[in-house]
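Everything below concerns the one structure shown next.
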Amino acid sequence: MGHSRIRRVQARRQLGRAVPYTLRKLGSPGERHLRARFVESLAPLVFWCVVVASLCGLPSTAVQARPLDDVKASGVLRVIVYEFNQPYSWTDEDGSVKGIDADIGRAIAAKLNLKADIIARIAGEEADDDLRSNIWQGPRTGGPVGDFMMHVPMERAFVARNNLVAISNAYHHEKVVLAVHPEMVDPEKQLSAFRSAKLAVQFATAAHYFIMFADEQAYKANVQPFVKFKDAAASFMARETAGLLGPRTGIEAALGDKLTSVRIVEPKFDTELRMAWSIGTAVKEDSRDTGYAIGNILREMEASGELGKIFAKYGTKRVAPPVP
């Protein structure tokens with residue numbers, strides 16, 4: 001394995017980002033399409049393999065469904081969030097799981113009169129892997145499946161392909177944007193300003209892949225990739241780079257009260273990569289009643305303003321998902 005491949009694998013493991021499957025796959029649009037079609041063709045086979053495995057007497061504790069009645073009887077709601085996914089979720093130095101998704105999970109558990117068990121796990125190579133490990137099969141290294149999972153991409157093909165889970169309850173809309181220092185570059189030039197100016201970006205993300213190949217690689221020499229988004233933001237705020245390309249929520253949370261000193265622009269991205277997406281929740285397919293209860297609570301939290309307050313706590317704004 002070459003050094004570049006090792007760095008890419010290590011970075012993906014550290015990032016733990018829950019992004020749509022079209023953002024995870026690094027490759028040409030044709031390659032992404034072929035891989036997606038191949039996985040879709042395997043879905044029926046995967047389903048019957050799971051059925052056969054269950055009939056062969058494999059341990060059932062990891063894959064057993066937890067419909068709402070079972071969850072309430074246990075007194076505990078197991079909520080899966082992503083590690084290394086600030087400001088949505090991460091494990092603090094004291095061992096507690098913090099972030100937007102963690103707080104939403106705790107609020108949902110409280111409204112169901114349950115104790116919240118917030119479990120932070122590192123993302124797999126693909127978002128499909130995360131659903132398998134955390135919702136319907138269980139981690140290969142052991143551990144329980146969740147009663148529901150936060151930060152699941154609401155991408156139509158992805159939802160259709162993963163028929164062993166029920167994905168719904170969109171609660172936030174994310175978008176890749178560009179932050180610039182107006183005294184260093186002209187905001188009106190948007191991305192074209194970085195033909196000659198430095199641009200910070202997080203490594204192995206959709207934003208990174210896009211900017212490396214956009215406009216016939218016109219910006220490649222000026223791209224400064226960072227493994228952690230907070231380091232990219234720190235470089236930007238130190239004015240080591242004139243721009244920062246990444247998700248709006250991450251930029252707002254990282255810059256905090258310094259956000260007023262920069263300009264946020266929304267470039268038009270000419271790409272098949274998903275540069276804007278909604279995030280929701282997932283439950284096992286036969287635990288839809290749990291999903292319905294979660295959806296009702298999320299709508300109540302939206303109407304009362306509680307959802308927006310949780311986002312504001314982390315220095316960012318909640319954006320309502322567009323109506324399908």
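Residues in the structure tokens are numbered from 1 in each chain, the chains being A, B, ... in the order shown, and ligands are numbered from 1 in the order shown.
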inquiry  = For Val79 in chain A, find every residue with an atom within 10 Å (counting only C-alpha atoms), except residues of its own chain fewer than 3 positions away, and show them as a PyMOL selection string.
reply    = chain A and resi 76+101-102+104-106+108-109+116-120+134+145-150
request  = Could you give me, as a PyMOL selection string, each residue of range 209-243 of chain A that DSSP assigns to strand (DSSP E) when run on this structure's backbone?
outcome  = chain A and resi 223-226+243
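Compared by their closest atoms to Ile251 in chain A, and using only C-alpha atoms, the residues A:Glu174, A:Asp215, A:Glu126, A:Glu306 rank with A:Glu174 nearest.
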task = Skip range 188-205 of chain A itself and residues of its chain fewer than 3 positions away, then list as a ChimeraX atom specification all residues within 8 Å of it, counting only C-alpha atoms.
result = /A:8,11-12,23-24,26,178,185,208-209,218-219,222-229,232-233,235-236,240-246,265,267
Deliver the residues from the most recent selection as a file, using N, CA and C atoms, as a short mmCIF file (atom, residue, chain, number, x, y, z; two decimals), in the first residue's frame.
```
data_model
loop_
_atom_site.label_atom_id
_atom_site.label_comp_id
_atom_site.auth_asym_id
_atom_site.auth_seq_id
_atom_site.Cartn_x
_atom_site.Cartn_y
_atom_site.Cartn_z
N ARG A 8 -4.71 8.33 3.33
CA ARG A 8 -6.14 8.50 3.06
C ARG A 8 -6.98 7.63 3.97
N ALA A 11 -6.84 9.02 7.52
CA ALA A 11 -7.64 10.25 7.64
C ALA A 11 -9.12 9.93 7.71
N ARG A 12 -9.58 8.99 6.88
CA ARG A 12 -11.00 8.63 6.88
C ARG A 12 -11.41 8.06 8.23
N LEU A 23 -20.56 11.37 -1.30
CA LEU A 23 -19.44 12.17 -0.82
C LEU A 23 -18.30 11.29 -0.35
N ARG A 24 -18.61 10.06 0.07
CA ARG A 24 -17.60 9.20 0.63
C ARG A 24 -16.70 8.61 -0.46
N LEU A 26 -14.26 8.39 -3.32
CA LEU A 26 -13.33 9.22 -4.06
C LEU A 26 -13.04 8.52 -5.38
N LEU A 178 -18.31 28.72 1.11
CA LEU A 178 -16.96 29.26 1.08
C LEU A 178 -16.88 30.48 2.00
N VAL A 185 -8.98 38.59 -0.42
CA VAL A 185 -9.47 38.27 -1.75
C VAL A 185 -10.83 38.91 -1.95
N HIS A 208 -13.00 18.85 -0.56
CA HIS A 208 -11.61 18.62 -0.95
C HIS A 208 -11.54 18.01 -2.35
N TYR A 209 -12.33 16.96 -2.56
CA TYR A 209 -12.29 16.30 -3.87
C TYR A 209 -12.72 17.26 -4.98
N ALA A 218 -7.50 23.92 -11.70
CA ALA A 218 -6.96 25.29 -11.65
C ALA A 218 -6.55 25.70 -10.24
N TYR A 219 -7.14 25.06 -9.21
CA TYR A 219 -6.87 25.49 -7.83
C TYR A 219 -5.96 24.52 -7.06
N ASN A 222 -2.98 25.54 -4.88
CA ASN A 222 -3.22 26.44 -3.75
C ASN A 222 -4.09 25.84 -2.66
N VAL A 223 -4.46 24.58 -2.81
CA VAL A 223 -5.29 23.91 -1.81
C VAL A 223 -4.43 23.43 -0.65
N GLN A 224 -4.86 23.78 0.57
CA GLN A 224 -4.16 23.36 1.79
C GLN A 224 -5.07 22.40 2.56
N PRO A 225 -4.88 21.07 2.44
CA PRO A 225 -5.77 20.12 3.13
C PRO A 225 -5.33 19.85 4.57
N PHE A 226 -6.31 19.66 5.45
CA PHE A 226 -6.05 19.36 6.86
C PHE A 226 -6.87 18.13 7.25
N VAL A 227 -6.30 17.26 8.05
CA VAL A 227 -7.01 16.06 8.48
C VAL A 227 -8.22 16.43 9.32
N LYS A 228 -8.06 17.40 10.22
CA LYS A 228 -9.16 17.83 11.08
C LYS A 228 -9.69 19.18 10.62
N PHE A 229 -11.01 19.30 10.61
CA PHE A 229 -11.62 20.55 10.15
C PHE A 229 -11.23 21.72 11.04
N ALA A 232 -8.13 23.24 9.85
CA ALA A 232 -8.34 24.04 8.64
C ALA A 232 -8.91 25.40 9.01
N ALA A 233 -9.86 25.41 9.94
CA ALA A 233 -10.47 26.67 10.39
C ALA A 233 -9.45 27.54 11.12
N SER A 235 -6.19 27.60 10.64
CA SER A 235 -5.29 28.16 9.63
C SER A 235 -5.94 29.34 8.92
N PHE A 236 -7.22 29.19 8.64
CA PHE A 236 -7.96 30.27 7.98
C PHE A 236 -8.02 31.51 8.87
N GLU A 240 -3.45 32.33 7.36
CA GLU A 240 -2.47 31.58 6.58
C GLU A 240 -3.07 31.20 5.24
N THR A 241 -4.41 31.16 5.19
CA THR A 241 -5.13 30.96 3.93
C THR A 241 -6.18 32.06 3.82
N ALA A 242 -6.54 32.37 2.60
CA ALA A 242 -7.53 33.44 2.37
C ALA A 242 -8.95 32.92 2.37
N GLY A 243 -9.10 31.60 2.27
CA GLY A 243 -10.44 31.04 2.22
C GLY A 243 -10.54 29.70 2.94
N LEU A 244 -11.77 29.31 3.24
CA LEU A 244 -12.07 28.04 3.89
C LEU A 244 -13.30 27.46 3.23
N LEU A 245 -13.16 26.27 2.67
CA LEU A 245 -14.26 25.61 1.97
C LEU A 245 -14.73 24.42 2.80
N GLY A 246 -16.03 24.38 3.14
CA GLY A 246 -16.53 23.28 3.96
C GLY A 246 -17.99 23.46 4.30
N VAL A 265 -19.91 32.96 1.23
CA VAL A 265 -20.52 32.97 -0.11
C VAL A 265 -20.91 31.53 -0.47
N PRO A 267 -20.96 29.33 -3.60
CA PRO A 267 -20.63 29.13 -5.02
C PRO A 267 -21.60 28.15 -5.67
#
```
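Minimum atom-to-atom distance to Val159 in chain A, evaluated using only C-alpha atoms, belongs to A:Glu285 out of A:Asp270, A:Glu183, A:Asp94, A:Glu285.
The shortest atom-to-atom distance to Thr290 in chain A, with only C-alpha atoms taken into account, belongs to A:Asn169 out of A:Asn162, A:Thr141, A:Thr91, A:Asn169.
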Those of range 107-158 of chain A in DSSP helix (DSSP H, G or I), formatted as number ranges by chain = A: 107-111, 127-136, 156-158
Export of the given selection (C-alpha atoms) as a PDB file, in the first residue's frame:
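So result34.pdb came out as:
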```
ATOM      1  CA  ALA A 107     -33.774  15.370  24.513  1.00  0.00           C
ATOM      2  CA  ILE A 108     -35.639  12.633  22.616  1.00  0.00           C
ATOM      3  CA  ALA A 109     -34.875  10.093  25.346  1.00  0.00           C
ATOM      4  CA  ALA A 110     -36.082  12.477  28.060  1.00  0.00           C
ATOM      5  CA  LYS A 111     -39.368  13.085  26.234  1.00  0.00           C
ATOM      6  CA  ALA A 127     -22.305   5.146   5.126  1.00  0.00           C
ATOM      7  CA  ASP A 128     -23.847   1.786   4.220  1.00  0.00           C
ATOM      8  CA  ASP A 129     -21.295   0.117   6.522  1.00  0.00           C
ATOM      9  CA  ASP A 130     -22.370   2.399   9.360  1.00  0.00           C
ATOM     10  CA  LEU A 131     -26.010   1.338   9.065  1.00  0.00           C
ATOM     11  CA  ARG A 132     -25.045  -2.325   9.074  1.00  0.00           C
ATOM     12  CA  SER A 133     -22.761  -1.993  12.102  1.00  0.00           C
ATOM     13  CA  ASN A 134     -24.968   0.296  14.146  1.00  0.00           C
ATOM     14  CA  ILE A 135     -28.563  -0.614  13.294  1.00  0.00           C
ATOM     15  CA  TRP A 136     -29.229  -4.035  11.791  1.00  0.00           C
ATOM     16  CA  ARG A 156     -32.849   8.994  -2.310  1.00  0.00           C
ATOM     17  CA  ALA A 157     -30.718   6.229  -3.845  1.00  0.00           C
ATOM     18  CA  PHE A 158     -28.984   5.626  -0.515  1.00  0.00           C
TER      19      PHE A 158
END
```
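Considering the residues A:Leu307, A:Met275, A:Ala123, A:Ala221 and counting only C-alpha atoms, His151 in chain A has its shortest atom-to-atom contact with A:Ala123.
In this structure, CA of Val319 in chain A sits 21.5 Å away from CA of Lys230 in chain A.
Using only C-alpha atoms, the nearest neighbour of His181 in chain A within the list A:Val97, A:Ile167, A:Ile264, A:Ala160 is A:Ile264.
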Would you write out, as CSV, a table of all residues in range 188-258 of chain A that have an atom no more than 8 Å from an atom of range 80-89 of chain A, listing for each the closest atom pair and the distance in Å to one decimal, considering only C-alpha atoms and ordering rows by chain and rising residue number?
```
residue,atom,partner,partner_atom,distance
A:Thr249,CA,A:Pro87,CA,7.6
A:Gly250,CA,A:Pro87,CA,6.3
A:Ala253,CA,A:Pro87,CA,6.5
```
Residues near Lys175 in chain A, cut-off 6 Å, only C-alpha atoms, skip fewer than 3 positions along chain, as a compact mmCIF listing (two decimals) with C-alpha atoms, in the first residue's frame:
```
# COMPACT_ATOMS: atom_id res chain seq x y z
CA PRO A 247 -19.98 22.66 5.48
CA ARG A 248 -21.74 25.77 6.71
CA MET A 275 -22.65 19.52 -2.04
CA ALA A 276 -25.91 20.03 -0.12
```
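With CA of Arg140 in chain A on one side and CA of Ser96 in chain A on the other, the separation reads 23.6 Å.
The closest residue to Val176 in chain A, picked from A:Asp70, A:Glu302, A:Glu266, A:Asp286 and counting only C-alpha atoms, is A:Glu266.
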